[in-house]
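Q: For reference, this is run-v1.pdb, and it has PDB, C-alpha atoms.
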ATOM      1  CA  MET A 277      42.593 -15.758 -16.633  1.00  0.00           C
ATOM      2  CA  ASN A 278      46.377 -15.863 -16.887  1.00  0.00           C
ATOM      3  CA  ARG A 279      48.198 -18.074 -14.430  1.00  0.00           C
ATOM      4  CA  TYR A 280      51.700 -17.849 -12.955  1.00  0.00           C
ATOM      5  CA  PHE A 281      53.990 -20.832 -12.463  1.00  0.00           C
ATOM      6  CA  GLY A 282      57.411 -20.781 -10.840  1.00  0.00           C
ATOM      7  CA  TYR A 283      59.746 -23.605 -11.801  1.00  0.00           C
ATOM      8  CA  ALA A 284      62.452 -24.513  -9.286  1.00  0.00           C
ATOM      9  CA  ARG A 285      64.940 -27.278 -10.039  1.00  0.00           C
ATOM     10  CA  ILE A 286      67.866 -28.769  -8.183  1.00  0.00           C
ATOM     11  CA  SER A 287      70.216 -31.464  -9.417  1.00  0.00           C
ATOM     12  CA  THR A 288      70.499 -33.544  -6.240  1.00  0.00           C
ATOM     13  CA  PRO A 289      68.315 -34.005  -3.158  1.00  0.00           C
ATOM     14  CA  GLN A 290      71.191 -32.694  -1.030  1.00  0.00           C
ATOM     15  CA  GLN A 291      70.843 -29.218  -2.552  1.00  0.00           C
ATOM     16  CA  SER A 292      68.384 -26.646  -1.242  1.00  0.00           C
ATOM     17  CA  ILE A 293      65.563 -25.514  -3.481  1.00  0.00           C
ATOM     18  CA  GLU A 294      64.297 -22.942  -0.970  1.00  0.00           C
ATOM     19  CA  ARG A 295      66.282 -19.950  -2.312  1.00  0.00           C
ATOM     20  CA  GLN A 296      64.802 -20.379  -5.770  1.00  0.00           C
ATOM     21  CA  ILE A 297      61.275 -20.639  -4.363  1.00  0.00           C
ATOM     22  CA  ARG A 298      61.809 -17.627  -2.104  1.00  0.00           C
ATOM     23  CA  ASN A 299      63.088 -15.501  -5.003  1.00  0.00           C
ATOM     24  CA  ILE A 300      60.241 -16.473  -7.314  1.00  0.00           C
ATOM     25  CA  LEU A 301      57.557 -15.829  -4.685  1.00  0.00           C
ATOM     26  CA  ALA A 302      59.130 -12.497  -3.708  1.00  0.00           C
ATOM     27  CA  ALA A 303      58.598 -11.217  -7.254  1.00  0.00           C
ATOM     28  CA  TYR A 304      55.451 -13.215  -8.128  1.00  0.00           C
ATOM     29  CA  PRO A 305      53.641 -14.199  -4.908  1.00  0.00           C
ATOM     30  CA  GLN A 306      50.674 -15.538  -6.866  1.00  0.00           C
ATOM     31  CA  SER A 307      52.817 -18.242  -8.512  1.00  0.00           C
ATOM     32  CA  GLU A 308      52.136 -21.932  -8.237  1.00  0.00           C
ATOM     33  CA  ILE A 309      55.551 -23.458  -7.562  1.00  0.00           C
ATOM     34  CA  ILE A 310      56.668 -26.522  -9.495  1.00  0.00           C
ATOM     35  CA  ARG A 311      59.564 -28.331  -7.785  1.00  0.00           C
ATOM     36  CA  GLU A 312      61.881 -30.803  -9.442  1.00  0.00           C
ATOM     37  CA  VAL A 313      65.004 -32.780  -8.581  1.00  0.00           C
ATOM     38  CA  PHE A 314      66.652 -33.708 -11.854  1.00  0.00           C
ATOM     39  CA  THR A 315      70.185 -33.965 -13.099  1.00  0.00           C
ATOM     40  CA  GLY A 316      70.973 -34.178 -16.758  1.00  0.00           C
ATOM     41  CA  THR A 317      72.076 -32.166 -19.707  1.00  0.00           C
ATOM     42  CA  LYS A 318      68.720 -31.948 -21.530  1.00  0.00           C
ATOM     43  CA  PHE A 319      65.278 -30.806 -20.514  1.00  0.00           C
ATOM     44  CA  GLN A 320      63.691 -33.961 -21.926  1.00  0.00           C
ATOM     45  CA  GLY A 321      63.006 -36.363 -19.094  1.00  0.00           C
ATOM     46  CA  ARG A 322      62.180 -33.703 -16.516  1.00  0.00           C
ATOM     47  CA  ARG A 323      58.818 -35.120 -15.480  1.00  0.00           C
ATOM     48  CA  GLU A 324      57.516 -32.080 -13.608  1.00  0.00           C
ATOM     49  CA  PHE A 325      58.656 -29.712 -16.358  1.00  0.00           C
ATOM     50  CA  GLU A 326      56.944 -31.848 -18.999  1.00  0.00           C
ATOM     51  CA  LYS A 327      53.717 -31.952 -16.933  1.00  0.00           C
ATOM     52  CA  LEU A 328      53.893 -28.176 -16.606  1.00  0.00           C
ATOM     53  CA  LEU A 329      54.282 -27.713 -20.365  1.00  0.00           C
ATOM     54  CA  LYS A 330      51.140 -29.777 -20.962  1.00  0.00           C
ATOM     55  CA  LYS A 331      48.969 -27.696 -18.664  1.00  0.00           C
ATOM     56  CA  LEU A 332      50.119 -24.224 -19.752  1.00  0.00           C
ATOM     57  CA  ASN A 333      47.760 -22.063 -21.785  1.00  0.00           C
ATOM     58  CA  ALA A 334      48.395 -19.018 -23.968  1.00  0.00           C
ATOM     59  CA  GLY A 335      49.053 -15.999 -21.764  1.00  0.00           C
ATOM     60  CA  ASP A 336      50.295 -18.029 -18.786  1.00  0.00           C
ATOM     61  CA  THR A 337      53.569 -16.940 -17.217  1.00  0.00           C
ATOM     62  CA  ILE A 338      56.451 -19.207 -16.244  1.00  0.00           C
ATOM     63  CA  ILE A 339      59.171 -17.887 -13.929  1.00  0.00           C
ATOM     64  CA  PHE A 340      62.655 -19.285 -13.382  1.00  0.00           C
ATOM     65  CA  ASP A 341      64.925 -17.975 -10.621  1.00  0.00           C
ATOM     66  CA  SER A 342      67.789 -18.211 -13.086  1.00  0.00           C
ATOM     67  CA  VAL A 343      68.116 -19.082 -16.755  1.00  0.00           C
ATOM     68  CA  SER A 344      70.318 -22.015 -15.689  1.00  0.00           C
ATOM     69  CA  ARG A 345      67.223 -23.621 -14.135  1.00  0.00           C
ATOM     70  CA  MET A 346      65.554 -23.554 -17.548  1.00  0.00           C
ATOM     71  CA  SER A 347      68.398 -24.829 -19.703  1.00  0.00           C
ATOM     72  CA  ARG A 348      72.032 -25.896 -19.600  1.00  0.00           C
ATOM     73  CA  ASP A 349      73.156 -24.092 -22.749  1.00  0.00           C
ATOM     74  CA  ALA A 350      72.036 -21.558 -25.368  1.00  0.00           C
ATOM     75  CA  GLU A 351      70.886 -24.176 -27.877  1.00  0.00           C
ATOM     76  CA  GLU A 352      68.586 -25.867 -25.391  1.00  0.00           C
ATOM     77  CA  GLY A 353      67.438 -22.468 -24.099  1.00  0.00           C
ATOM     78  CA  PHE A 354      66.454 -21.454 -27.613  1.00  0.00           C
ATOM     79  CA  THR A 355      64.560 -24.728 -28.098  1.00  0.00           C
ATOM     80  CA  ILE A 356      62.605 -24.162 -24.883  1.00  0.00           C
ATOM     81  CA  TRP A 357      61.991 -20.520 -25.797  1.00  0.00           C
ATOM     82  CA  ARG A 358      60.537 -21.657 -29.153  1.00  0.00           C
ATOM     83  CA  ILE A 359      58.179 -24.034 -27.317  1.00  0.00           C
ATOM     84  CA  PHE A 360      57.086 -21.201 -25.015  1.00  0.00           C
ATOM     85  CA  SER A 361      56.689 -18.822 -27.937  1.00  0.00           C
ATOM     86  CA  ALA A 362      54.566 -21.298 -29.902  1.00  0.00           C
ATOM     87  CA  LYS A 363      52.304 -21.680 -26.853  1.00  0.00           C
ATOM     88  CA  GLU A 364      52.176 -17.851 -26.459  1.00  0.00           C
ATOM     89  CA  LEU A 365      53.590 -18.020 -22.943  1.00  0.00           C
ATOM     90  CA  ILE A 366      55.297 -15.271 -20.996  1.00  0.00           C
ATOM     91  CA  LEU A 367      58.760 -16.103 -19.659  1.00  0.00           C
ATOM     92  CA  TYR A 368      60.640 -14.433 -16.796  1.00  0.00           C
ATOM     93  CA  SER A 369      64.041 -15.353 -15.452  1.00  0.00           C
TER      94      SER A 369
END
What does the file become when written as structure tokens?

A:
Amino acid sequence: MNRYFGYARISTPQQSIERQIRNILAAYPQSEIIREVFTGTKFQGRREFEKLLKKLNAGDTIIFDSVSRMSRDAEEGFTIWRIFSAKELILYS
């Protein structure tokens, strides 16, 4: 059975994560939402994101409200995409 995960990230606790969650659930109401507060220029070190990567199986879907929540730049985005591709995941942004 394929599972759906929405990943919502903010950089500081003062920001609101609710818009991201609302947008993800509007399109994919069956999604389990993963929330993270993390600031940094690389995806390494995002604890919740790393936990999510470990539990994903081939055919699972991961949804980001915006590509900027996945990566900061094209190089990092491509690296993450390669990880998802190797795991045979489905990606929506």

Q: Find, counting all atoms listed in the file, the residue in A:Ser292, A:Glu324, A:Arg311, A:Tyr368 that gets nearest to Ser342 of chain A.

A: A:Tyr368

Q: Let me make sure I understand: among A:Ile297, A:Ile339, A:Ala284, A:Leu367, which one has the smallest atom-to-atom distance to Val313 of chain A if we use only C-alpha atoms?

A: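 Of A:Ile297, A:Ile339, A:Ala284, A:Leu367, the one nearest Val313 of chain A is A:Ala284, counting only C-alpha atoms.
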
Q: With distances taken over all atoms listed in the file, which residue among A:Phe340, A:Arg358, A:Arg298, A:Phe325 lies nearest Gly282 of chain A?

A: A:Phe340

Q: Translate the PyMOL selection byres ((chain A and resi 357) around 12) into a concrete residue list for this structure, as a VMD selection string.

A: chain A and resid 329 338 343 346 to 347 350 to 356 358 to 369

Q: Quick check, in Å to one decimal: how far apart do atom CA of Ala303 of chain A and atom CA of Ile286 of chain A lie?

A: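 One can read the atom CA of Ala303 of chain A to atom CA of Ile286 of chain A distance as 19.9 Å.
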
Q: Near Ser307 of chain A, counting only C-alpha atoms, which residues have an atom at most 7 Å away, once you skip same-chain residues fewer than 6 positions from it, shown as a list of chain:residue names?

A: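 Here the answer would be A:Tyr280, A:Phe281, A:Gly282, A:Leu301.
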
Q: For the selection just defined, write its residues with C-alpha atoms to a file, as a JSON list (two decimals), keeping the file's coordinate frame.

A:
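Contents of selection.json, as written:
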[["chain", "number", "residue", "atom", "x", "y", "z"],
["A", 280, "TYR", "CA", 51.70, -17.85, -12.96],
["A", 281, "PHE", "CA", 53.99, -20.83, -12.46],
["A", 282, "GLY", "CA", 57.41, -20.78, -10.84],
["A", 301, "LEU", "CA", 57.56, -15.83, -4.68]]

Q: Please measure the separation of atom CA of Arg279 of chain A and atom CA of Gln291 of chain A, giving the value in Å to one decimal.

A: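 Taking atom CA of Arg279 of chain A as the start and atom CA of Gln291 of chain A as the end point, the length is 27.9 Å.
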
Q: Quick one: pull the distance between atom CA of Met277 of chain A and atom CA of Arg322 of chain A, Å, one decimal.

A: 26.6 Å

Q: From the structure just shown, export segment 278-290 of chain A with all heavy atoms as an mmCIF file, in the first residue's frame.

A:
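Written file, part-v3.cif:
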data_model
loop_
_atom_site.group_PDB
_atom_site.id
_atom_site.type_symbol
_atom_site.label_atom_id
_atom_site.label_comp_id
_atom_site.auth_asym_id
_atom_site.auth_seq_id
_atom_site.Cartn_x
_atom_site.Cartn_y
_atom_site.Cartn_z
ATOM 1 N N ASN A 278 0.652 2.124 -0.940
ATOM 2 C CA ASN A 278 1.430 3.363 -1.021
ATOM 3 C C ASN A 278 0.939 4.351 0.029
ATOM 4 O O ASN A 278 -0.255 4.476 0.277
ATOM 5 C CB ASN A 278 1.321 3.975 -2.406
ATOM 6 C CG ASN A 278 1.921 3.067 -3.454
ATOM 7 O OD1 ASN A 278 2.586 2.087 -3.133
ATOM 8 N ND2 ASN A 278 1.697 3.381 -4.702
ATOM 9 N N ARG A 279 1.891 5.056 0.599
ATOM 10 C CA ARG A 279 1.575 6.039 1.635
ATOM 11 C C ARG A 279 1.906 7.437 1.132
ATOM 12 O O ARG A 279 2.722 7.605 0.238
ATOM 13 C CB ARG A 279 2.382 5.731 2.899
ATOM 14 C CG ARG A 279 2.100 4.337 3.441
ATOM 15 C CD ARG A 279 3.041 3.927 4.545
ATOM 16 N NE ARG A 279 4.418 3.938 4.085
ATOM 17 C CZ ARG A 279 5.468 3.907 4.885
ATOM 18 N NH1 ARG A 279 5.321 3.858 6.183
ATOM 19 N NH2 ARG A 279 6.697 3.917 4.397
ATOM 20 N N TYR A 280 1.263 8.431 1.745
ATOM 21 C CA TYR A 280 1.461 9.837 1.393
ATOM 22 C C TYR A 280 1.987 10.588 2.607
ATOM 23 O O TYR A 280 1.436 10.471 3.700
ATOM 24 C CB TYR A 280 0.144 10.469 0.947
ATOM 25 C CG TYR A 280 -0.335 9.946 -0.374
ATOM 26 C CD1 TYR A 280 -0.960 8.704 -0.481
ATOM 27 C CD2 TYR A 280 -0.150 10.685 -1.536
ATOM 28 C CE1 TYR A 280 -1.385 8.217 -1.699
ATOM 29 C CE2 TYR A 280 -0.580 10.213 -2.761
ATOM 30 C CZ TYR A 280 -1.192 8.981 -2.831
ATOM 31 O OH TYR A 280 -1.612 8.500 -4.048
ATOM 32 N N PHE A 281 3.060 11.361 2.383
ATOM 33 C CA PHE A 281 3.652 12.160 3.439
ATOM 34 C C PHE A 281 3.796 13.597 2.944
ATOM 35 O O PHE A 281 4.340 13.833 1.866
ATOM 36 C CB PHE A 281 5.043 11.628 3.817
ATOM 37 C CG PHE A 281 5.009 10.238 4.365
ATOM 38 C CD1 PHE A 281 5.152 9.146 3.524
ATOM 39 C CD2 PHE A 281 4.824 10.021 5.718
ATOM 40 C CE1 PHE A 281 5.119 7.854 4.024
ATOM 41 C CE2 PHE A 281 4.784 8.729 6.227
ATOM 42 C CZ PHE A 281 4.933 7.643 5.379
ATOM 43 N N GLY A 282 3.301 14.530 3.726
ATOM 44 C CA GLY A 282 3.513 15.944 3.437
ATOM 45 C C GLY A 282 4.611 16.461 4.342
ATOM 46 O O GLY A 282 4.606 16.192 5.548
ATOM 47 N N TYR A 283 5.568 17.172 3.750
ATOM 48 C CA TYR A 283 6.673 17.721 4.534
ATOM 49 C C TYR A 283 6.535 19.242 4.566
ATOM 50 O O TYR A 283 6.550 19.905 3.526
ATOM 51 C CB TYR A 283 8.017 17.326 3.919
ATOM 52 C CG TYR A 283 9.208 17.879 4.674
ATOM 53 C CD1 TYR A 283 9.641 17.283 5.847
ATOM 54 C CD2 TYR A 283 9.875 19.001 4.220
ATOM 55 C CE1 TYR A 283 10.730 17.784 6.545
ATOM 56 C CE2 TYR A 283 10.971 19.512 4.909
ATOM 57 C CZ TYR A 283 11.392 18.900 6.069
ATOM 58 O OH TYR A 283 12.461 19.405 6.761
ATOM 59 N N ALA A 284 6.387 19.776 5.775
ATOM 60 C CA ALA A 284 6.253 21.219 5.970
ATOM 61 C C ALA A 284 7.409 21.689 6.846
ATOM 62 O O ALA A 284 7.655 21.127 7.911
ATOM 63 C CB ALA A 284 4.911 21.541 6.626
ATOM 64 N N ARG A 285 8.107 22.725 6.357
ATOM 65 C CA ARG A 285 9.274 23.220 7.097
ATOM 66 C C ARG A 285 9.234 24.735 7.185
ATOM 67 O O ARG A 285 8.907 25.419 6.222
ATOM 68 C CB ARG A 285 10.564 22.805 6.394
ATOM 69 C CG ARG A 285 11.813 23.289 7.119
ATOM 70 C CD ARG A 285 13.086 22.902 6.385
ATOM 71 N NE ARG A 285 13.172 23.464 5.036
ATOM 72 C CZ ARG A 285 13.551 24.704 4.749
ATOM 73 N NH1 ARG A 285 13.862 25.533 5.717
ATOM 74 N NH2 ARG A 285 13.616 25.111 3.502
ATOM 75 N N ILE A 286 9.551 25.225 8.369
ATOM 76 C CA ILE A 286 9.758 26.659 8.568
ATOM 77 C C ILE A 286 11.159 26.852 9.121
ATOM 78 O O ILE A 286 11.761 25.922 9.653
ATOM 79 C CB ILE A 286 8.689 27.284 9.507
ATOM 80 C CG1 ILE A 286 8.612 26.521 10.828
ATOM 81 C CG2 ILE A 286 7.338 27.343 8.807
ATOM 82 C CD1 ILE A 286 7.655 27.117 11.847
ATOM 83 N N SER A 287 11.668 28.064 8.975
ATOM 84 C CA SER A 287 13.041 28.341 9.408
ATOM 85 C C SER A 287 13.139 28.793 10.858
ATOM 86 O O SER A 287 14.164 28.575 11.505
ATOM 87 C CB SER A 287 13.664 29.416 8.504
ATOM 88 O OG SER A 287 13.722 28.943 7.189
ATOM 89 N N THR A 288 12.087 29.434 11.369
ATOM 90 C CA THR A 288 12.105 29.898 12.754
ATOM 91 C C THR A 288 10.760 29.604 13.405
ATOM 92 O O THR A 288 9.733 29.566 12.720
ATOM 93 C CB THR A 288 12.364 31.418 12.850
ATOM 94 O OG1 THR A 288 11.241 32.117 12.314
ATOM 95 C CG2 THR A 288 13.633 31.832 12.120
ATOM 96 N N PRO A 289 10.734 29.420 14.704
ATOM 97 C CA PRO A 289 9.473 29.144 15.396
ATOM 98 C C PRO A 289 8.460 30.295 15.290
ATOM 99 O O PRO A 289 7.270 30.084 15.492
ATOM 100 C CB PRO A 289 9.886 28.938 16.857
ATOM 101 C CG PRO A 289 11.340 28.631 16.820
ATOM 102 C CD PRO A 289 11.880 29.329 15.603
ATOM 103 N N GLN A 290 8.932 31.487 14.938
ATOM 104 C CA GLN A 290 8.023 32.620 14.821
ATOM 105 C C GLN A 290 7.193 32.568 13.532
ATOM 106 O O GLN A 290 6.183 33.245 13.415
ATOM 107 C CB GLN A 290 8.790 33.950 14.860
ATOM 108 C CG GLN A 290 9.432 34.247 16.216
ATOM 109 C CD GLN A 290 10.692 33.440 16.492
ATOM 110 O OE1 GLN A 290 11.381 33.024 15.575
ATOM 111 N NE2 GLN A 290 10.979 33.183 17.762
#
